[in-house]
$ cat data-v1.pdb   # PDB, C-alpha atoms and all ligand atoms
ATOM      1  CA  MET A   1      29.662  15.667  25.337
ATOM      2  CA  ILE A   2      30.459  19.326  26.036
ATOM      3  CA  VAL A   3      30.310  21.486  22.885
ATOM      4  CA  ASN A   4      29.820  25.109  21.869
ATOM      5  CA  SER A   5      26.465  26.268  20.490
ATOM      6  CA  ASN A   6      27.452  26.512  16.853
ATOM      7  CA  ASP A   7      27.009  23.020  15.490
ATOM      8  CA  ILE A   8      23.727  22.322  17.232
ATOM      9  CA  LEU A   9      22.153  25.687  16.398
ATOM     10  CA  ILE A  10      23.186  25.607  12.741
ATOM     11  CA  LYS A  11      21.781  22.083  12.481
ATOM     12  CA  ALA A  12      18.578  23.192  14.222
ATOM     13  CA  LYS A  13      18.207  26.083  11.782
ATOM     14  CA  LYS A  14      18.607  23.726   8.840
ATOM     15  CA  ASN A  15      16.041  21.304  10.272
ATOM     16  CA  LYS A  16      13.652  24.118  11.288
ATOM     17  CA  ILE A  17      13.536  23.032  14.919
ATOM     18  CA  ALA A  18      14.721  24.679  18.154
ATOM     19  CA  ILE A  19      17.164  23.589  20.840
ATOM     20  CA  PRO A  20      16.040  24.032  24.445
ATOM     21  CA  HIS A  21      18.030  26.408  26.646
ATOM     22  CA  PHE A  22      17.219  25.691  30.292
ATOM     23  CA  ASN A  23      18.634  27.890  33.035
ATOM     24  CA  ILE A  24      20.370  26.137  35.906
ATOM     25  CA  ASN A  25      20.271  27.341  39.489
ATOM     26  CA  ASN A  26      21.956  24.603  41.479
ATOM     27  CA  LEU A  27      23.437  21.107  41.350
ATOM     28  CA  GLU A  28      20.065  19.374  41.446
ATOM     29  CA  TRP A  29      18.544  21.284  38.511
ATOM     30  CA  THR A  30      21.651  20.691  36.455
ATOM     31  CA  LYS A  31      21.388  16.969  37.126
ATOM     32  CA  TYR A  32      17.644  16.806  36.357
ATOM     33  CA  ILE A  33      18.056  18.733  33.098
ATOM     34  CA  LEU A  34      21.001  16.644  31.925
ATOM     35  CA  GLU A  35      19.238  13.375  32.781
ATOM     36  CA  GLU A  36      15.965  14.304  31.101
ATOM     37  CA  CYS A  37      17.586  15.706  27.952
ATOM     38  CA  ASN A  38      19.744  12.606  27.704
ATOM     39  CA  ASN A  39      16.700  10.333  28.142
ATOM     40  CA  ASN A  40      14.931  12.226  25.374
ATOM     41  CA  ASN A  41      17.977  12.335  23.133
ATOM     42  CA  SER A  42      17.974  16.138  22.989
ATOM     43  CA  PRO A  43      20.984  18.448  22.848
ATOM     44  CA  VAL A  44      20.752  21.086  25.565
ATOM     45  CA  ILE A  45      22.098  24.535  26.300
ATOM     46  CA  LEU A  46      22.543  25.102  30.027
ATOM     47  CA  GLY A  47      22.125  28.838  30.577
ATOM     48  CA  VAL A  48      23.717  30.347  33.655
ATOM     49  CA  SER A  49      22.921  33.912  34.635
ATOM     50  CA  GLU A  50      25.421  36.060  36.523
ATOM     51  CA  GLY A  51      23.141  35.777  39.571
ATOM     52  CA  ALA A  52      23.141  31.982  39.352
ATOM     53  CA  ILE A  53      26.929  31.948  38.901
ATOM     54  CA  LYS A  54      27.342  33.999  42.074
ATOM     55  CA  TYR A  55      24.842  31.791  43.910
ATOM     56  CA  MET A  56      26.603  28.592  42.839
ATOM     57  CA  GLY A  57      30.089  29.790  43.784
ATOM     58  CA  GLY A  58      31.624  31.210  40.588
ATOM     59  CA  THR A  59      32.296  30.474  36.924
ATOM     60  CA  LYS A  60      34.881  27.756  37.612
ATOM     61  CA  THR A  61      32.567  25.927  39.985
ATOM     62  CA  VAL A  62      29.725  26.007  37.451
ATOM     63  CA  ALA A  63      31.856  24.850  34.508
ATOM     64  CA  ASN A  64      33.444  22.056  36.540
ATOM     65  CA  LEU A  65      30.091  20.993  37.974
ATOM     66  CA  VAL A  66      28.587  20.598  34.508
ATOM     67  CA  LYS A  67      31.663  18.808  33.164
ATOM     68  CA  SER A  68      31.743  16.373  36.104
ATOM     69  CA  LEU A  69      28.028  15.598  35.901
ATOM     70  CA  ASP A  70      28.312  15.154  32.143
ATOM     71  CA  GLU A  71      31.032  12.565  32.698
ATOM     72  CA  GLU A  72      29.647  10.748  35.723
ATOM     73  CA  LEU A  73      26.065  10.586  34.442
ATOM     74  CA  LYS A  74      27.461   9.368  31.097
ATOM     75  CA  ILE A  75      25.527  11.976  29.136
ATOM     76  CA  LYS A  76      25.525  11.183  25.426
ATOM     77  CA  VAL A  77      23.806  14.292  24.040
ATOM     78  CA  PRO A  78      25.631  17.560  23.217
ATOM     79  CA  VAL A  79      25.710  19.923  26.209
ATOM     80  CA  VAL A  80      26.597  23.635  26.071
ATOM     81  CA  ILE A  81      27.768  25.613  29.125
ATOM     82  CA  HIS A  82      26.432  29.067  28.322
ATOM     83  CA  LEU A  83      26.739  32.423  30.094
ATOM     84  CA  ASP A  84      23.266  33.994  29.959
ATOM     85  CA  HIS A  85      23.131  37.823  29.747
ATOM     86  CA  GLY A  86      26.822  38.548  30.372
ATOM     87  CA  SER A  87      26.788  42.221  31.322
ATOM     88  CA  SER A  88      30.406  43.108  30.521
ATOM     89  CA  VAL A  89      33.320  42.111  28.325
ATOM     90  CA  GLU A  90      35.229  41.152  31.487
ATOM     91  CA  MET A  91      32.472  38.792  32.663
ATOM     92  CA  CYS A  92      32.429  37.053  29.275
ATOM     93  CA  LYS A  93      36.214  36.690  29.291
ATOM     94  CA  GLN A  94      36.128  35.206  32.766
ATOM     95  CA  ALA A  95      33.488  32.646  31.785
ATOM     96  CA  ILE A  96      35.567  31.710  28.715
ATOM     97  CA  ASP A  97      38.763  31.419  30.772
ATOM     98  CA  ASP A  98      36.993  29.166  33.273
ATOM     99  CA  GLY A  99      35.556  26.701  30.767
ATOM    100  CA  PHE A 100      32.210  27.987  29.473
ATOM    101  CA  THR A 101      31.745  26.952  25.849
ATOM    102  CA  SER A 102      29.339  29.724  24.900
ATOM    103  CA  VAL A 103      28.687  33.267  26.109
ATOM    104  CA  MET A 104      26.036  35.904  25.639
ATOM    105  CA  ILE A 105      27.165  39.504  25.775
ATOM    106  CA  ASP A 106      24.136  41.619  26.547
ATOM    107  CA  ALA A 107      24.981  45.230  25.749
ATOM    108  CA  SER A 108      21.449  45.865  24.513
ATOM    109  CA  LEU A 109      20.894  48.793  26.857
ATOM    110  CA  TYR A 110      23.851  50.677  25.372
ATOM    111  CA  SER A 111      23.814  52.631  22.106
ATOM    112  CA  LEU A 112      24.134  50.637  18.878
ATOM    113  CA  GLU A 113      27.753  51.823  18.465
ATOM    114  CA  GLU A 114      28.674  50.786  22.006
ATOM    115  CA  ASN A 115      26.829  47.460  21.660
ATOM    116  CA  ILE A 116      28.841  46.744  18.484
ATOM    117  CA  LYS A 117      32.099  47.752  20.174
ATOM    118  CA  MET A 118      31.587  45.577  23.256
ATOM    119  CA  THR A 119      30.260  42.614  21.285
ATOM    120  CA  LYS A 120      33.212  42.735  18.860
ATOM    121  CA  LYS A 121      35.643  42.570  21.772
ATOM    122  CA  VAL A 122      33.942  39.440  23.119
ATOM    123  CA  VAL A 123      33.868  37.798  19.676
ATOM    124  CA  GLU A 124      37.579  38.473  19.126
ATOM    125  CA  TYR A 125      38.437  36.901  22.477
ATOM    126  CA  ALA A 126      36.010  33.963  22.145
ATOM    127  CA  GLU A 127      37.295  33.004  18.698
ATOM    128  CA  LYS A 128      40.667  31.988  20.125
ATOM    129  CA  TYR A 129      38.944  29.423  22.361
ATOM    130  CA  SER A 130      36.260  28.228  19.900
ATOM    131  CA  VAL A 131      33.601  29.639  22.185
ATOM    132  CA  SER A 132      30.353  30.728  20.512
ATOM    133  CA  VAL A 133      28.919  34.200  21.096
ATOM    134  CA  GLU A 134      25.304  35.352  21.316
ATOM    135  CA  ALA A 135      24.311  39.015  21.520
ATOM    136  CA  GLU A 136      21.094  40.982  21.953
ATOM    137  CA  LEU A 137      19.811  43.830  19.823
ATOM    138  CA  GLY A 138      16.710  45.852  20.606
ATOM    139  CA  HIS A 139      15.723  45.204  24.190
ATOM    140  CA  ILE A 140      13.844  42.093  25.270
ATOM    141  CA  GLY A 141      11.003  42.957  27.615
ATOM    142  CA  ASP A 142      10.079  46.419  26.407
ATOM    143  CA  THR A 143       8.806  48.106  23.267
ATOM    144  CA  ASN A 144      12.285  48.506  21.766
ATOM    145  CA  TYR A 145      11.833  45.766  19.143
ATOM    146  CA  THR A 146      14.805  44.895  16.924
ATOM    147  CA  ASP A 147      15.253  46.993  13.809
ATOM    148  CA  VAL A 148      16.000  44.851  10.739
ATOM    149  CA  ASP A 149      18.568  47.186   9.138
ATOM    150  CA  GLU A 150      20.367  47.631  12.440
ATOM    151  CA  ALA A 151      20.383  43.862  12.900
ATOM    152  CA  ILE A 152      21.961  43.302   9.470
ATOM    153  CA  ARG A 153      24.682  45.822  10.283
ATOM    154  CA  PHE A 154      25.154  44.452  13.823
ATOM    155  CA  VAL A 155      25.671  40.873  12.646
ATOM    156  CA  LYS A 156      28.011  41.924   9.829
ATOM    157  CA  GLU A 157      30.185  44.134  12.004
ATOM    158  CA  THR A 158      30.368  41.951  15.115
ATOM    159  CA  ASN A 159      30.623  38.503  13.530
ATOM    160  CA  ILE A 160      28.506  36.936  16.303
ATOM    161  CA  ASP A 161      27.283  33.350  16.081
ATOM    162  CA  SER A 162      23.657  33.902  17.104
ATOM    163  CA  LEU A 163      21.345  36.853  17.632
ATOM    164  CA  ALA A 164      18.715  37.380  20.349
ATOM    165  CA  PRO A 165      16.176  39.758  18.813
ATOM    166  CA  ALA A 166      13.442  41.599  20.698
ATOM    167  CA  ILE A 167      10.184  40.435  19.116
ATOM    168  CA  GLY A 168       7.754  40.881  22.001
ATOM    169  CA  THR A 169       8.709  38.288  24.598
ATOM    170  CA  VAL A 170       9.511  39.162  28.219
ATOM    171  CA  HIS A 171      11.506  37.498  30.954
ATOM    172  CA  GLY A 172       9.552  36.233  33.944
ATOM    173  CA  VAL A 173       5.792  35.888  34.223
ATOM    174  CA  TYR A 174       3.683  37.491  31.445
ATOM    175  CA  LYS A 175       1.332  40.101  32.914
ATOM    176  CA  SER A 176      -0.801  40.129  29.768
ATOM    177  CA  LYS A 177      -1.032  38.042  26.590
ATOM    178  CA  PRO A 178       2.365  38.030  24.783
ATOM    179  CA  ASN A 179       2.329  40.322  21.765
ATOM    180  CA  LEU A 180       4.742  38.548  19.420
ATOM    181  CA  ASP A 181       5.838  40.114  16.146
ATOM    182  CA  ILE A 182       6.108  36.956  14.063
ATOM    183  CA  GLU A 183       6.444  38.935  10.845
ATOM    184  CA  LEU A 184       9.489  40.750  12.217
ATOM    185  CA  CYS A 185      10.989  37.425  13.272
ATOM    186  CA  SER A 186      10.498  35.959   9.774
ATOM    187  CA  LYS A 187      12.012  39.058   8.180
ATOM    188  CA  LEU A 188      15.050  38.889  10.467
ATOM    189  CA  SER A 189      15.472  35.216   9.737
ATOM    190  CA  LYS A 190      15.347  35.849   5.980
ATOM    191  CA  ASP A 191      17.838  38.712   6.071
ATOM    192  CA  ILE A 192      20.270  37.249   8.594
ATOM    193  CA  SER A 193      22.029  33.954   8.033
ATOM    194  CA  ILE A 194      23.015  33.166  11.645
ATOM    195  CA  PRO A 195      20.637  31.407  14.088
ATOM    196  CA  LEU A 196      18.052  33.515  15.933
ATOM    197  CA  VAL A 197      17.393  32.721  19.597
ATOM    198  CA  LEU A 198      14.363  33.503  21.732
ATOM    199  CA  HIS A 199      14.516  34.808  25.287
ATOM    200  CA  GLY A 200      11.438  34.772  27.503
ATOM    201  CA  GLY A 201      10.232  31.371  26.305
ATOM    202  CA  SER A 202       8.285  30.577  29.506
ATOM    203  CA  GLY A 203       4.569  31.211  29.315
ATOM    204  CA  LEU A 204       4.336  30.854  25.529
ATOM    205  CA  ASP A 205       1.830  28.151  24.601
ATOM    206  CA  ASN A 206       2.740  25.372  22.180
ATOM    207  CA  LEU A 207       1.120  27.155  19.248
ATOM    208  CA  ALA A 208       3.174  30.305  19.858
ATOM    209  CA  LEU A 209       6.335  28.224  20.182
ATOM    210  CA  LYS A 210       5.588  26.486  16.872
ATOM    211  CA  LYS A 211       4.980  29.862  15.241
ATOM    212  CA  VAL A 212       8.291  31.377  16.356
ATOM    213  CA  ILE A 213      10.184  28.273  15.302
ATOM    214  CA  LYS A 214       8.514  28.412  11.895
ATOM    215  CA  ALA A 215       9.564  32.077  11.748
ATOM    216  CA  GLY A 216      13.219  31.121  12.262
ATOM    217  CA  ILE A 217      13.900  30.741  15.997
ATOM    218  CA  CYS A 218      16.488  27.990  16.667
ATOM    219  CA  LYS A 219      16.824  28.172  20.472
ATOM    220  CA  VAL A 220      14.204  28.833  23.144
ATOM    221  CA  ASN A 221      15.238  30.020  26.629
ATOM    222  CA  ILE A 222      13.233  28.689  29.562
ATOM    223  CA  ASN A 223      13.784  29.492  33.212
ATOM    224  CA  THR A 224      10.646  30.868  34.891
ATOM    225  CA  GLU A 225       8.461  27.895  33.984
ATOM    226  CA  LEU A 226      10.882  25.489  35.669
ATOM    227  CA  GLN A 227      11.048  27.740  38.729
ATOM    228  CA  ILE A 228       7.263  27.858  39.039
ATOM    229  CA  VAL A 229       6.609  24.120  38.714
ATOM    230  CA  TRP A 230       9.514  23.281  41.011
ATOM    231  CA  SER A 231       8.475  25.684  43.766
ATOM    232  CA  ASN A 232       4.816  24.610  43.554
ATOM    233  CA  ALA A 233       5.828  20.968  43.941
ATOM    234  CA  VAL A 234       8.127  21.726  46.882
ATOM    235  CA  LYS A 235       5.440  23.828  48.615
ATOM    236  CA  LYS A 236       2.949  20.976  48.207
ATOM    237  CA  PHE A 237       5.477  18.463  49.572
ATOM    238  CA  LEU A 238       6.144  20.624  52.623
ATOM    239  CA  LEU A 239       2.439  21.124  53.283
ATOM    240  CA  GLU A 240       1.922  17.364  53.173
ATOM    241  CA  ASN A 241       5.141  16.536  55.038
ATOM    242  CA  GLY A 242       5.373  19.158  57.736
ATOM    243  CA  THR A 243       8.023  17.269  59.688
ATOM    244  CA  ALA A 244      10.393  16.777  56.710
ATOM    245  CA  TYR A 245      13.909  18.092  57.278
ATOM    246  CA  ASP A 246      16.178  16.164  54.878
ATOM    247  CA  PRO A 247      17.205  18.725  52.212
ATOM    248  CA  ARG A 248      17.638  15.977  49.627
ATOM    249  CA  LYS A 249      14.001  14.938  50.044
ATOM    250  CA  ILE A 250      12.748  18.537  50.068
ATOM    251  CA  ILE A 251      14.694  19.693  47.007
ATOM    252  CA  SER A 252      14.049  16.544  44.993
ATOM    253  CA  SER A 253      10.297  16.737  45.613
ATOM    254  CA  GLY A 254      10.352  19.135  42.627
ATOM    255  CA  GLU A 255      12.284  16.783  40.345
ATOM    256  CA  LYS A 256       9.304  15.116  38.627
ATOM    257  CA  ALA A 257       7.662  18.475  37.886
ATOM    258  CA  ILE A 258      10.836  19.907  36.330
ATOM    259  CA  LYS A 259      11.424  16.791  34.261
ATOM    260  CA  LYS A 260       7.846  16.818  32.964
ATOM    261  CA  VAL A 261       8.234  20.407  31.668
ATOM    262  CA  ILE A 262      11.572  19.520  30.064
ATOM    263  CA  ARG A 263      10.023  16.500  28.326
ATOM    264  CA  ASN A 264       7.114  18.565  27.018
ATOM    265  CA  LYS A 265       9.337  21.386  25.773
ATOM    266  CA  ILE A 266      11.638  18.970  23.973
ATOM    267  CA  SER A 267       8.685  17.367  22.229
ATOM    268  CA  VAL A 268       7.349  20.764  21.061
ATOM    269  CA  LEU A 269      10.698  22.271  20.051
ATOM    270  CA  SER A 270      12.167  19.226  18.336
ATOM    271  CA  SER A 271       9.436  18.620  15.776
ATOM    272  CA  ASN A 272       8.181  20.874  13.027
TER     273      ASN A 272
HETATM  274  P1  LIG A 301      11.831  33.066  30.993
HETATM  275  O1  LIG A 301      11.815  34.035  32.123
HETATM  276  O2  LIG A 301      10.669  33.267  30.076
HETATM  277  O3  LIG A 301      11.940  31.671  31.451
HETATM  278  O4  LIG A 301      13.087  33.410  30.093
HETATM  279  C1  LIG A 301      14.347  32.918  30.401
HETATM  280  C2  LIG A 301      15.383  33.580  29.588
HETATM  281  O5  LIG A 301      15.117  34.142  28.539
HETATM  282  C3  LIG A 301      16.748  33.526  30.097
HETATM  283  O6  LIG A 301      17.623  34.279  29.333
END
$ encode --input "data-v1.pdb" --output "structure tokens"
Amino acid sequence: MIVNSNDILIKAKKNKIAIPHFNINNLEWTKYILEECNNNNSPVILGVSEGAIKYMGGTKTVANLVKSLDEELKIKVPVVIHLDHGSSVEMCKQAIDDGFTSVMIDASLYSLEENIKMTKKVVEYAEKYSVSVEAELGHIGDTNYTDVDEAIRFVKETNIDSLAPAIGTVHGVYKSKPNLDIELCSKLSKDISIPLVLHGGSGLDNLALKKVIKAGICKVNINTELQIVWSNAVKKFLLENGTAYDPRKIISSGEKAIKKVIRNKISVLSSN
């Protein structure tokens, strides 16, 4: 069932759990993620970066791929087709036009005024299509943590559906121990009624994930961890099967590893 993010994130917030957001990179990953989430009865947000969209052929191809797999695999859980880190209003509009059910506008590197202006434009367009909108304030990955007063103003003026705050996570591999500001996260969650979402979820241990969820996070984004376990499994397969040449066998040698991470994340995120 293809849906926007709203219902599942609002429900998650109420139940104090988090929905997994897994990034997709190709047909196979999309299939593995859908199958495993369905087997574990978990809603899922499929995040697609602009790079992945380009790699996979374009927004229409991605949206149609997810819709077709959802139908042919008979997926019963709610599935969201989400643009991850949309860098412009135009990109968000294109994703909406081509069937994405959720978009993130990431204008976090612009001034607050410009971020509000761009985000408002996306919200106004998305509303007509019942597409949910996520936006970022502060900048994830550096020391520009989200300011609470700015966040209150940002949410009020833009009317977004969910907010990605900067609370100390980073994208990619952590070079040192994550320095999470749980207090800031709790404060944001108290002062802002919409769901808060966490980028840079890979590399956080289960305890840290439980802490951020307790502090109000309703969605956790995971990409790097899937990439690492998949590539390790494929490298091992190729070392052990030097004469392999069938791409289906090579690519799917990472399937079990990806599915195991998905299963584990669902079990951590879906209980409180
Ligand atoms: P990771 O790099 O931690 O997997 O984060 C993914 C993410 O936040 C995508 O938006």
$ atom_distance --input "data-v1.pdb" --atom1 "atom CA of Lys156 of chain A" --atom2 "atom CA of Glu134 of chain A"
13.5 Å
$ closest_residue --input "data-v1.pdb" --among "A:Phe22, A:Tyr145, A:Tyr125, A:Tyr174" --to "Ile160 of chain A" --atoms "only C-alpha atoms"
A:Tyr125
$ residues_near_ligand --input "data-v1.pdb" --ligand "ligand LIG 301 (chain A)" --cutoff "7 Å" --atoms "all atoms listed in the file" --output "PyMOL selection string"
chain A and resi 23+84-85+170-173+198-203+221-225
$ atom_distance --input "data-v1.pdb" --atom1 "atom CA of Thr143 of chain A" --atom2 "atom CA of Leu109 of chain A"
12.6 Å
$ residues_near_point --input "data-v1.pdb" --point "(31.6, 43.6, 10.8)" --cutoff "12 Å" --atoms "all atoms listed in the file" --output "list in words"
Glu113, Ile116, Lys117, Thr119, Lys120, Lys121, Val123, Glu124, Ala151, Ile152, Arg153, Phe154, Val155, Lys156, Glu157, Thr158, Asn159 and Ile160 of chain A
$ atom_distance --input "data-v1.pdb" --atom1 "atom CA of Thr101 of chain A" --atom2 "atom CA of Ser132 of chain A"
6.7 Å
$ axis_aligned_box --input "data-v1.pdb" --around "segment 167-172 of chain A" --padding-each-side "8 Å" --output "AutoDock Vina command-line options"
--center_x 9.6 --center_y 38.6 --center_z 26.5 --size_x 19.8 --size_y 20.6 --size_z 30.8
$ resolve_selection --input "data-v1.pdb" --expression "the PyMOL selection byres (((chain A and resi 38) around 12) and not hetatm)" --output "number ranges by chain"
A: 1, 31-37, 39-44, 70, 73-79, 259, 262-263, 266
$ closest_residue --input "data-v1.pdb" --among "A:Gly58, A:Pro178, A:Gly254, A:Gly138" --to "Asn115 of chain A" --atoms "only C-alpha atoms"
A:Gly138
$ resolve_selection --input "data-v1.pdb" --expression "the PyMOL selection byres (((chain A and resi 48) around 9) and not hetatm)" --output "NGL selection string"
:A and (22-25 or 46-47 or 49-53 or 62 or 81-85)
$ resolve_selection --input "data-v1.pdb" --expression "the PyMOL selection byres (((chain A and resi 214-216) around 8) and not hetatm)" --output "PDB file with C-alpha atoms, in the coordinates of the input"
ATOM      1  CA  LYS A  13      18.207  26.083  11.782  1.00  0.00           C
ATOM      2  CA  LYS A  16      13.652  24.118  11.288  1.00  0.00           C
ATOM      3  CA  ILE A  17      13.536  23.032  14.919  1.00  0.00           C
ATOM      4  CA  ILE A 182       6.108  36.956  14.063  1.00  0.00           C
ATOM      5  CA  GLU A 183       6.444  38.935  10.845  1.00  0.00           C
ATOM      6  CA  CYS A 185      10.989  37.425  13.272  1.00  0.00           C
ATOM      7  CA  SER A 186      10.498  35.959   9.774  1.00  0.00           C
ATOM      8  CA  SER A 189      15.472  35.216   9.737  1.00  0.00           C
ATOM      9  CA  PRO A 195      20.637  31.407  14.088  1.00  0.00           C
ATOM     10  CA  LEU A 196      18.052  33.515  15.933  1.00  0.00           C
ATOM     11  CA  LYS A 210       5.588  26.486  16.872  1.00  0.00           C
ATOM     12  CA  LYS A 211       4.980  29.862  15.241  1.00  0.00           C
ATOM     13  CA  VAL A 212       8.291  31.377  16.356  1.00  0.00           C
ATOM     14  CA  ILE A 213      10.184  28.273  15.302  1.00  0.00           C
ATOM     15  CA  ILE A 217      13.900  30.741  15.997  1.00  0.00           C
ATOM     16  CA  CYS A 218      16.488  27.990  16.667  1.00  0.00           C
ATOM     17  CA  ASN A 272       8.181  20.874  13.027  1.00  0.00           C
TER      18      ASN A 272
END
$ closest_residue --input "data-v1.pdb" --among "A:Val148, A:Ala12, A:Leu238, A:Val220" --to "Ser271 of chain A" --atoms "all atoms listed in the file"
A:Ala12
$ residues_around --input "data-v1.pdb" --residues "Ala257 of chain A" --least-positions-apart "4" --cutoff "9 Å" --atoms "all atoms listed in the file" --output "compact mmCIF listing (two decimals) with C-alpha atoms, keeping the file's coordinate frame"
# COMPACT_ATOMS: atom_id res chain seq x y z
CA LEU A 226 10.88 25.49 35.67
CA VAL A 229 6.61 24.12 38.71
CA TRP A 230 9.51 23.28 41.01
CA ASN A 232 4.82 24.61 43.55
CA ALA A 233 5.83 20.97 43.94
CA SER A 253 10.30 16.74 45.61
CA VAL A 261 8.23 20.41 31.67
CA ILE A 262 11.57 19.52 30.06
$ closest_residue --input "data-v1.pdb" --among "A:Asn26, A:Ser87, A:Asn6, A:Asn241" --to "Gly57 of chain A" --atoms "only C-alpha atoms"
A:Asn26
$ closest_residue --input "data-v1.pdb" --among "A:Leu27, A:Ile8, A:Leu184, A:Leu207" --to "Ser252 of chain A" --atoms "only C-alpha atoms"
A:Leu27
